[in-house]
$ cat run_27.cif   # mmCIF, C-alpha atoms
data_final
loop_
_atom_site.label_atom_id
_atom_site.label_comp_id
_atom_site.auth_asym_id
_atom_site.auth_seq_id
_atom_site.Cartn_x
_atom_site.Cartn_y
_atom_site.Cartn_z
CA MET A 290 5.57 32.39 -9.94
CA SER A 291 8.33 34.87 -9.06
CA ASP A 292 9.32 37.82 -11.26
CA LYS A 293 12.36 35.86 -12.43
CA LEU A 294 11.54 33.78 -15.50
CA ILE A 295 13.48 30.60 -16.25
CA ILE A 296 12.62 28.64 -19.40
CA THR A 297 14.34 25.39 -20.33
CA ILE A 298 14.08 24.09 -23.88
CA ASP A 299 15.00 20.55 -24.85
CA ARG A 300 14.77 19.51 -28.46
CA GLU A 301 15.07 16.83 -31.08
CA TYR A 302 17.91 17.40 -33.52
CA GLY A 303 16.75 19.48 -36.46
CA SER A 304 13.43 20.50 -34.87
CA GLY A 305 14.44 24.17 -34.62
CA GLY A 306 14.72 24.21 -30.84
CA HIS A 307 17.74 26.51 -30.83
CA GLU A 308 16.00 29.01 -33.10
CA VAL A 309 12.82 28.87 -30.99
CA ALA A 310 14.93 29.61 -27.92
CA ARG A 311 16.77 32.47 -29.64
CA ARG A 312 13.61 34.19 -30.87
CA LEU A 313 11.81 33.63 -27.57
CA ALA A 314 14.66 35.16 -25.56
CA GLU A 315 14.75 38.11 -27.95
CA LYS A 316 11.02 38.74 -27.58
CA LEU A 317 11.16 38.43 -23.80
CA GLY A 318 14.25 40.62 -23.53
CA ILE A 319 16.27 38.03 -21.66
CA LYS A 320 19.43 36.04 -22.42
CA MET A 321 19.59 32.66 -24.11
CA TYR A 322 22.26 30.15 -23.16
CA ASP A 323 23.26 27.33 -25.48
CA GLU A 324 26.77 27.21 -26.91
CA GLU A 325 27.70 29.93 -24.43
CA LEU A 326 27.65 27.16 -21.82
CA ILE A 327 30.33 25.31 -23.80
CA SER A 328 32.61 28.35 -23.94
CA GLN A 329 32.22 29.09 -20.24
CA ALA A 330 32.75 25.47 -19.18
CA ALA A 331 35.86 25.18 -21.36
CA PHE A 332 37.31 28.35 -19.84
CA ASN A 333 36.54 27.28 -16.26
CA ILE A 334 37.99 23.77 -16.45
CA GLY A 335 40.85 24.55 -18.83
CA TYR A 336 39.80 22.29 -21.71
CA ARG A 337 39.96 23.31 -25.35
CA GLU A 338 36.58 24.60 -26.50
CA GLU A 339 36.58 22.22 -29.47
CA TYR A 340 37.04 19.28 -27.11
CA VAL A 341 34.21 20.39 -24.84
CA LYS A 342 31.94 20.93 -27.85
CA SER A 343 32.67 17.46 -29.21
CA ASN A 344 31.74 15.93 -25.84
CA ASP A 345 28.84 18.22 -25.01
CA GLU A 346 25.54 16.53 -24.06
CA LYS A 347 27.08 13.08 -23.97
CA ALA A 348 26.69 10.48 -21.26
CA PRO A 349 30.02 9.43 -19.71
CA GLU A 350 31.61 6.21 -20.88
CA ILE A 351 31.96 4.00 -17.83
CA ASN A 352 34.13 0.91 -17.99
CA ILE A 353 35.24 -1.67 -15.48
CA SER A 354 38.94 -1.14 -14.82
CA PRO A 355 41.08 -4.05 -16.04
CA MET A 356 43.23 -3.61 -12.92
CA PHE A 357 40.51 -5.17 -10.80
CA SER A 358 38.92 -8.58 -11.16
CA GLY A 359 35.49 -9.39 -9.77
CA ILE A 360 35.14 -5.94 -8.20
CA ASP A 361 32.68 -3.32 -9.39
CA VAL A 362 35.13 -0.50 -9.91
CA PHE A 363 34.23 2.03 -12.63
CA GLN A 364 36.22 4.72 -14.33
CA SER A 365 34.42 7.74 -15.71
CA SER A 366 35.61 9.64 -18.76
CA PRO A 367 36.20 13.43 -18.84
CA PHE A 368 32.55 13.76 -19.94
CA SER A 369 31.56 13.93 -16.28
CA LYS A 370 33.84 16.88 -15.56
CA ILE A 371 32.38 18.74 -18.54
CA GLN A 372 28.77 18.02 -17.60
CA ASP A 373 29.31 18.78 -13.90
CA GLU A 374 30.73 22.19 -14.80
CA GLU A 375 27.88 22.94 -17.21
CA PHE A 376 25.37 21.97 -14.51
CA ARG A 377 27.11 24.30 -12.04
CA ILE A 378 27.01 27.15 -14.55
CA ILE A 379 23.29 26.53 -15.23
CA ARG A 380 22.51 26.74 -11.50
CA GLU A 381 24.62 29.89 -11.17
CA ILE A 382 22.92 31.62 -14.11
CA SER A 383 19.40 30.70 -13.04
CA ALA A 384 20.04 31.94 -9.52
CA LYS A 385 20.77 35.47 -10.70
CA GLU A 386 18.76 36.20 -13.85
CA SER A 387 15.84 35.39 -16.10
CA CYS A 388 16.97 33.29 -19.05
CA VAL A 389 16.25 30.65 -21.67
CA ILE A 390 18.50 27.59 -21.36
CA VAL A 391 18.80 25.07 -24.17
CA GLY A 392 19.39 21.37 -23.48
CA ARG A 393 21.89 20.03 -20.90
CA ALA A 394 19.08 18.47 -18.82
CA ALA A 395 18.46 21.96 -17.43
CA ASP A 396 14.82 21.18 -16.58
CA TYR A 397 15.99 18.42 -14.24
CA ILE A 398 18.98 20.33 -12.86
CA LEU A 399 16.59 23.18 -11.93
CA SER A 400 13.77 20.95 -10.68
CA ASP A 401 13.88 22.63 -7.26
CA GLU A 402 13.53 26.10 -8.81
CA PRO A 403 10.38 27.47 -10.51
CA HIS A 404 10.77 27.23 -14.26
CA ILE A 405 8.87 26.35 -17.43
CA SER A 406 10.10 23.32 -19.35
CA ILE A 407 9.57 22.95 -23.09
CA PHE A 408 10.25 20.09 -25.50
CA ILE A 409 10.49 20.86 -29.22
CA PHE A 410 9.99 18.00 -31.68
CA ALA A 411 9.02 17.26 -35.28
CA PRO A 412 8.68 14.24 -37.59
CA VAL A 413 12.09 12.91 -38.57
CA GLU A 414 11.53 13.47 -42.29
CA ASP A 415 10.85 17.18 -41.69
CA ARG A 416 13.92 17.50 -39.53
CA ILE A 417 16.07 15.95 -42.25
CA LYS A 418 14.70 18.44 -44.80
CA ARG A 419 15.29 21.36 -42.44
CA LYS A 420 18.91 20.44 -41.76
CA LEU A 421 19.61 19.90 -45.45
CA ALA A 422 18.08 23.29 -46.24
CA LEU A 423 20.28 24.93 -43.60
CA ILE A 424 23.35 23.36 -45.22
CA ASP A 425 22.40 25.03 -48.49
CA ILE A 426 21.80 28.38 -46.77
CA ASN A 427 25.05 28.31 -44.79
CA GLY A 428 27.12 26.94 -47.65
CA THR A 429 28.60 24.16 -45.52
CA GLU A 430 29.76 20.77 -46.80
CA PRO A 431 26.86 19.00 -48.55
CA MET A 432 25.32 15.78 -47.28
CA THR A 433 23.01 13.27 -48.88
CA GLU A 434 19.55 12.68 -47.45
CA ALA A 435 20.67 9.26 -46.21
CA GLU A 436 23.71 10.78 -44.48
CA MET A 437 21.57 13.42 -42.83
CA GLU A 438 19.02 10.86 -41.68
CA LYS A 439 21.81 8.90 -40.01
CA LYS A 440 23.13 12.06 -38.32
CA VAL A 441 19.68 13.11 -37.08
CA LYS A 442 19.01 9.70 -35.55
CA GLN A 443 22.48 9.50 -34.00
CA ARG A 444 22.13 12.92 -32.38
CA ASP A 445 18.69 12.06 -31.03
CA LYS A 446 20.08 8.83 -29.58
CA GLN A 447 22.99 10.72 -28.04
CA ARG A 448 20.72 13.33 -26.45
CA ARG A 449 18.30 10.70 -25.15
CA LYS A 450 21.12 8.65 -23.62
CA TYR A 451 22.60 11.77 -22.04
CA TYR A 452 19.32 13.03 -20.61
CA GLU A 453 18.21 9.70 -19.22
CA PHE A 454 21.66 8.99 -17.74
CA TYR A 455 21.62 12.19 -15.68
CA THR A 456 17.92 12.32 -14.80
CA ASP A 457 15.06 10.15 -13.59
CA ASN A 458 12.89 11.30 -16.50
CA LYS A 459 12.08 10.18 -20.03
CA TRP A 460 13.55 12.38 -22.76
CA GLY A 461 10.65 13.76 -24.80
CA GLY A 462 8.05 12.16 -22.52
CA ARG A 463 4.83 14.09 -22.02
CA GLU A 464 5.07 13.56 -18.26
CA THR A 465 8.48 15.24 -18.19
CA TYR A 466 7.75 18.71 -19.63
CA ASP A 467 5.20 21.49 -19.22
CA VAL A 468 4.74 21.98 -22.97
CA LEU A 469 5.57 19.85 -26.01
CA ILE A 470 5.46 21.54 -29.42
CA ASN A 471 5.58 20.02 -32.90
CA THR A 472 7.31 22.69 -35.00
CA SER A 473 6.21 21.02 -38.24
CA ARG A 474 2.72 22.20 -37.32
CA SER A 475 3.41 25.38 -35.38
CA GLY A 476 6.41 26.73 -37.26
CA ILE A 477 9.19 28.50 -35.35
CA ASN A 478 7.28 31.75 -34.75
CA GLY A 479 4.17 29.78 -33.86
CA ALA A 480 6.12 27.84 -31.25
CA VAL A 481 7.41 31.11 -29.76
CA ALA A 482 3.86 32.49 -29.62
CA MET A 483 2.60 29.32 -27.93
CA ILE A 484 5.29 29.50 -25.26
CA GLU A 485 4.58 33.19 -24.67
CA ALA A 486 0.87 32.41 -24.26
CA TYR A 487 1.67 29.65 -21.79
CA ILE A 488 3.95 31.94 -19.79
CA ASN A 489 1.25 34.62 -19.57
CA THR A 490 -1.38 32.08 -18.57
CA ALA A 491 0.80 30.34 -15.99
CA LYS A 492 2.21 33.49 -14.39
CA GLY A 493 1.03 33.71 -10.81
CA LYS A 494 -1.40 30.85 -11.39
CA ASP A 495 -2.84 28.90 -8.51
CA LEU A 496 -3.07 25.35 -9.86
CA LEU A 497 -6.28 24.74 -7.91
CA SER A 498 -8.02 27.95 -8.99
CA ASP A 499 -9.77 26.35 -11.98
CA MET A 500 -10.93 23.25 -10.09
#

$ encode --input "run_27.cif" --output "structure tokens"
Amino acid sequence: MSDKLIITIDREYGSGGHEVARRLAEKLGIKMYDEELISQAAFNIGYREEYVKSNDEKAPEINISPMFSGIDVFQSSPFSKIQDEEFRIIREISAKESCVIVGRAADYILSDEPHISIFIFAPVEDRIKRKLALIDINGTEPMTEAEMEKKVKQRDKQRRKYYEFYTDNKWGGRETYDVLINTSRSGINGAVAMIEAYINTAKGKDLLSDM
């Protein structure tokens, strides 16, 4: 493994993946990229940041044009332009610096470059409780448990559809990532420690050396 360290973190909604990424980047002394990708993409393509955020990590809506009959002609929504720009930014960042990148199918986009891919997950009931607790902490508009459950499942579905549209891999599949961590068991700091341990073990490792 080279001196440059690239870590990609995908996550179920409410599993704490963003916080794991933030604390990991802080401990490693490198930058984390998550919503920063939204801001940069919006600036580069001239879209409003709110619009880019509302369409972030979404698969494009493809429809057969009504102008054509019996011909497979498809029109792609602006989602593609947003995702293409985010993918370009991810490649640009990873080419020049060590970093932690959250979501956006970064593990697949960087499949030709050495990196460590992580998937953060947790039981849905724990994720609902965590998001409800964060609402209380941040003082944002309250939601019922049923409303939060619906949101958690919708966001998971959205992320799965997005990831599997742009990649050949299964979102959350054990064959897709280097490490999968259940934060309900590890906790956020425990997840960070596990990733650090994996990095230290894998650094410079010859995969055949233990065989």

$ residues_around --input "run_27.cif" --residues "Ser406 (chain A)" --least-positions-apart "4" --cutoff "8 Å" --atoms "only C-alpha atoms" --output "list in words"
Ile296, Thr297, Ile298, Asp299, Asp396, Tyr466, Asp467 and Val468 of chain A

$ resolve_selection --input "run_27.cif" --expression "the PyMOL selection byres ((chain A and resi 414) around 12)" --output "PyMOL selection string"
chain A and resi 302-304+410-413+415-421+434-435+437-439+441-442+473

$ atom_distance --input "run_27.cif" --atom1 "CA of Asp457 (chain A)" --atom2 "CA of Ile371 (chain A)"
20.0 Å

$ atom_distance --input "run_27.cif" --atom1 "CA of Thr472 (chain A)" --atom2 "CA of Ala314 (chain A)"
17.3 Å

$ closest_residue --input "run_27.cif" --among "A:Pro367, A:Leu399, A:Ile409, A:Met432" --to "Arg474 (chain A)" --atoms "all atoms listed in the file"
A:Ile409

$ resolve_selection --input "run_27.cif" --expression "the PyMOL selection byres ((chain A and resi 317-334) around 7)" --output "list in words"
Ala310, Arg311, Leu313, Ala314, Glu315, Lys316, Gly335, Tyr336, Arg337, Glu338, Val341, Lys342, Ile371, Glu374, Glu375, Ser387, Cys388, Val389, Ile390 and Val391 of chain A

$ atom_distance --input "run_27.cif" --atom1 "CA of Ile378 (chain A)" --atom2 "CA of Lys459 (chain A)"
23.3 Å

$ closest_residue --input "run_27.cif" --among "A:Leu294, A:Glu339, A:Arg463, A:Asn427" --to "Ile488 (chain A)" --atoms "all atoms listed in the file"
A:Leu294

$ closest_residue --input "run_27.cif" --among "A:Arg393, A:Lys370, A:Gly306, A:Ala486" --to "Arg448 (chain A)" --atoms "all atoms listed in the file"
A:Arg393

$ resolve_selection --input "run_27.cif" --expression "the PyMOL selection byres ((chain A and resi 453) around 12)" --output "MDAnalysis selection string"
chainID A and resid 346:349 393:394 397 446:452 454:462 465

$ closest_residue --input "run_27.cif" --among "A:Ile379, A:Val309, A:Ile424, A:Ile295" --to "Asn478 (chain A)" --atoms "all atoms listed in the file"
A:Val309

$ closest_residue --input "run_27.cif" --among "A:Ile426, A:Asn471, A:Ala395, A:His307" --to "Arg380 (chain A)" --atoms "all atoms listed in the file"
A:Ala395
